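Notes follow once the structure below has been shown.
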Amino acid sequence: MATNPASMPPEHHLSPNTPPTVREWQAFWLAIGFLTRIPMLIQIDYSQRLMNQSSLYFPLVGLLLGVCYAGAYTLLTLAFSPIISIILVVILHLWMTGAFHEDGLADSVDALGGGYTIEKRLEIMKDSRIGTYGTVALVSALALKVALLAEVRSVWLALLAAPMVARLTPLLIMGYLPYVTDPDKSKSKPVADGFSRARLAVAAAFTLCASLALTLYEPWILLWGLCSTLGVALIWGGYLRSQLDGYTGDTLGASVVFSELVLLLGLTI
């Protein structure tokens with residue numbers, strides 16, 4: 001999940017006496033600002049530590065996005081057909097997130113498809129231009145997402161659950177793979193540096209509990225949620241280990257796209 005470091009607020013250090021609730025509140029808003037284009041409505045005392053802490057809230061931010069998507073779909077279907085409403089919601093998703101994860105997918109596929117050494121793959125990944133591999137992957141992923149949403153039994157439930165579940169996957173990958181790009185130059189340094197497995201456990205517990213609640217509407221949501229997070233983390237993470245010896249910010253973004261597609265695919269069965 002790459003981002004432009006110039007877009008991040010200047011670094012300040014929270015006072016040691018800052019209450020934990022204030023730290024967590026700022027970490028939550030920092031997660032919103034990192035993953036979406038939604039303006040941060042509070043003053044953030046940005047620091048490396050706070051950025052690391054914000055990863056706990058990635059699934060929660062995903063759930064909030066899901067609420068927006070499900071609500072938008074419900075309103076759009078009052079005026080448009082289901083397929084047009086789905087396409088408009090996907091466009092809304094791309095706007096709200098700045099195509100954040102889709103950019104990571106395109107860069108990852110370009111690099112892994114066009115590079116023959118780790119150094120060359122990392123070099124391609126840092127290139128802001130999109131190549132043939134990345135274009136094909138991006139178009140295919142978006143087309144498949146629209147097709148799967150059109151086939152699921154409950155579109156609003158899929159729109160609600162997929163963003164939350166999928167944003168746990170990069171945290172799992174970060175938990176067991178090393179970070180491979182230069183941390184002083186990496187675009188994803190704020191998230192990748194000093195990731196806490198304790199906070200990973202909390203994020204996983206939140207996602208599990210929310211998925212259990214959604215089983216009241218879709219009994220298979222928990223099973224496919226596990227497949228889309230653990231499965232993608234193991235398969236994609238294993239492939240990254242063999243090709244890059246670890247992960248980058250772009251490959252984390254790609255993992256979110258893959259997890260969403262696996263979950264949606266499962267919900268169509």
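By order in the structure tokens, chains are A, B, ...; within a chain, residues start at 1; ligands start at 1, following the order shown.
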
Find the spatial neighbours of Asp110 in chain A, counting only C-alpha atoms, within a cut-off of 12 Å - ignore same-chain residues fewer than 6 positions away - and output them as a VMD selection string. chain A and resid 103 to 104 116 120 to 138 250 to 251 254

Write out as a PyMOL selection string the residues lying within 12 Å of Ile235 in chain A, counting only C-alpha atoms and excluding same-chain residues fewer than 3 positions away. chain A and resi 169+172-173+227-232+238-242+255+258-259

Find the residues near Val180 in chain A: any atom within 9 Å, counting only C-alpha atoms, skip ones fewer than 6 places away on the same chain, and give them as a PyMOL selection string. chain A and resi 122+244-248

Resulting file, chosen residues, all heavy atoms, as a PDB file, in the first residue's frame:
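Just written: result.pdb:
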```pdb
ATOM      1  N   LEU A 122      11.991  -4.500  -8.205  1.00  0.00           N
ATOM      2  CA  LEU A 122      11.803  -3.340  -7.332  1.00  0.00           C
ATOM      3  C   LEU A 122      11.930  -2.040  -8.100  1.00  0.00           C
ATOM      4  O   LEU A 122      11.214  -1.066  -7.826  1.00  0.00           O
ATOM      5  CB  LEU A 122      12.814  -3.383  -6.180  1.00  0.00           C
ATOM      6  CG  LEU A 122      12.664  -4.545  -5.198  1.00  0.00           C
ATOM      7  CD1 LEU A 122      13.765  -4.513  -4.146  1.00  0.00           C
ATOM      8  CD2 LEU A 122      11.296  -4.519  -4.527  1.00  0.00           C
ATOM      9  N   LEU A 244      10.474 -11.784  -4.288  1.00  0.00           N
ATOM     10  CA  LEU A 244      11.031 -10.534  -3.772  1.00  0.00           C
ATOM     11  C   LEU A 244      11.759 -10.692  -2.442  1.00  0.00           C
ATOM     12  O   LEU A 244      12.363  -9.732  -1.960  1.00  0.00           O
ATOM     13  CB  LEU A 244       9.910  -9.499  -3.583  1.00  0.00           C
ATOM     14  CG  LEU A 244       9.173  -9.001  -4.827  1.00  0.00           C
ATOM     15  CD1 LEU A 244       8.010  -8.106  -4.417  1.00  0.00           C
ATOM     16  CD2 LEU A 244      10.107  -8.261  -5.763  1.00  0.00           C
ATOM     17  N   ASP A 245      11.657 -11.875  -1.843  1.00  0.00           N
ATOM     18  CA  ASP A 245      12.188 -12.106  -0.494  1.00  0.00           C
ATOM     19  C   ASP A 245      11.432 -11.303   0.562  1.00  0.00           C
ATOM     20  O   ASP A 245      11.942 -11.063   1.654  1.00  0.00           O
ATOM     21  CB  ASP A 245      13.685 -11.763  -0.413  1.00  0.00           C
ATOM     22  CG  ASP A 245      14.547 -12.793  -1.115  1.00  0.00           C
ATOM     23  OD1 ASP A 245      14.070 -13.926  -1.301  1.00  0.00           O
ATOM     24  OD2 ASP A 245      15.685 -12.458  -1.489  1.00  0.00           O
ATOM     25  N   GLY A 246      10.216 -10.882   0.263  1.00  0.00           N
ATOM     26  CA  GLY A 246       9.428 -10.117   1.215  1.00  0.00           C
ATOM     27  C   GLY A 246       8.345  -9.330   0.506  1.00  0.00           C
ATOM     28  O   GLY A 246       7.966  -9.655  -0.607  1.00  0.00           O
ATOM     29  N   TYR A 247       7.862  -8.294   1.166  1.00  0.00           N
ATOM     30  CA  TYR A 247       6.762  -7.517   0.598  1.00  0.00           C
ATOM     31  C   TYR A 247       7.163  -6.059   0.424  1.00  0.00           C
ATOM     32  O   TYR A 247       8.142  -5.583   1.001  1.00  0.00           O
ATOM     33  CB  TYR A 247       5.522  -7.598   1.493  1.00  0.00           C
ATOM     34  CG  TYR A 247       5.670  -6.881   2.825  1.00  0.00           C
ATOM     35  CD1 TYR A 247       5.374  -5.525   2.953  1.00  0.00           C
ATOM     36  CD2 TYR A 247       6.097  -7.565   3.958  1.00  0.00           C
ATOM     37  CE1 TYR A 247       5.527  -4.870   4.155  1.00  0.00           C
ATOM     38  CE2 TYR A 247       6.241  -6.920   5.171  1.00  0.00           C
ATOM     39  CZ  TYR A 247       5.954  -5.575   5.265  1.00  0.00           C
ATOM     40  OH  TYR A 247       6.115  -4.928   6.464  1.00  0.00           O
ATOM     41  N   THR A 248       6.389  -5.347  -0.392  1.00  0.00           N
ATOM     42  CA  THR A 248       6.497  -3.896  -0.532  1.00  0.00           C
ATOM     43  C   THR A 248       5.110  -3.298  -0.316  1.00  0.00           C
ATOM     44  O   THR A 248       4.115  -4.019  -0.231  1.00  0.00           O
ATOM     45  CB  THR A 248       7.001  -3.506  -1.928  1.00  0.00           C
ATOM     46  OG1 THR A 248       5.979  -3.839  -2.890  1.00  0.00           O
ATOM     47  CG2 THR A 248       8.294  -4.230  -2.289  1.00  0.00           C
TER      48      THR A 248
END
```

Hey, what does DSSP flag as alpha helix (DSSP H) within range 12-243 of chain A? Can you give it to me as JSON, numbers by chain? {"A": [20, 21, 22, 23, 24, 25, 26, 27, 28, 29, 30, 31, 32, 33, 34, 35, 48, 49, 50, 51, 52, 53, 54, 58, 59, 60, 61, 62, 63, 64, 65, 66, 67, 68, 69, 70, 71, 72, 73, 74, 75, 76, 82, 83, 84, 85, 86, 87, 88, 89, 90, 91, 92, 93, 94, 95, 96, 97, 100, 101, 102, 103, 104, 105, 106, 107, 108, 109, 110, 111, 112, 113, 114, 118, 119, 120, 121, 122, 123, 124, 125, 126, 132, 133, 134, 135, 136, 137, 138, 139, 140, 141, 142, 143, 144, 145, 146, 147, 148, 149, 150, 151, 155, 156, 157, 158, 159, 160, 161, 162, 163, 164, 165, 166, 169, 170, 171, 172, 173, 174, 175, 176, 189, 190, 191, 192, 197, 198, 199, 200, 201, 202, 203, 204, 205, 206, 207, 208, 209, 210, 211, 212, 213, 214, 221, 222, 223, 224, 225, 226, 232, 233, 234, 235, 236, 237, 238, 239, 240, 241, 242, 243]}

Would you mind telling me which residue in A:Thr97, A:Ser140, A:Thr215, A:Asn52 lies nearest to Thr36 in chain A when using only C-alpha atoms?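 When distances to Thr36 in chain A are compared using only C-alpha atoms, the smallest one comes from A:Thr97.
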
Test item: residues at most 8 Å from Leu200 in chain A, only C-alpha atoms, excluding those fewer than 3 positions along its chain, as a VMD selection string: chain A and resid 55 to 56 171 to 172 175 196 to 197 203 to 204

Export of prior selection with C-alpha atoms as an mmCIF file, in the first residue's frame:
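Contents of the output file again-v5.cif:
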```
data_model
loop_
_atom_site.group_PDB
_atom_site.id
_atom_site.type_symbol
_atom_site.label_atom_id
_atom_site.label_comp_id
_atom_site.auth_asym_id
_atom_site.auth_seq_id
_atom_site.Cartn_x
_atom_site.Cartn_y
_atom_site.Cartn_z
ATOM 1 C CA SER A 55 -2.686 -0.264 11.155
ATOM 2 C CA LEU A 56 -4.956 -1.637 13.887
ATOM 3 C CA LEU A 171 -1.652 -6.932 8.091
ATOM 4 C CA LEU A 172 -1.230 -10.719 8.037
ATOM 5 C CA GLY A 175 3.137 -9.982 10.333
ATOM 6 C CA SER A 196 2.926 -4.795 16.165
ATOM 7 C CA ARG A 197 1.656 -8.373 16.193
ATOM 8 C CA ALA A 203 -7.525 -6.284 14.207
ATOM 9 C CA ALA A 204 -8.059 -9.974 13.427
#
```

Have a look at CA of Leu92 in chain A and CA of Leu267 in chain A and let me know their distance in Å, one decimal.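 Distance reported for this atom pair: 21.8 Å.
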
What does the structure give for the distance between CA of Thr21 in chain A and CA of Pro39 in chain A, in Å to one decimal?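 Here the two named atoms are 20.7 Å from each other.
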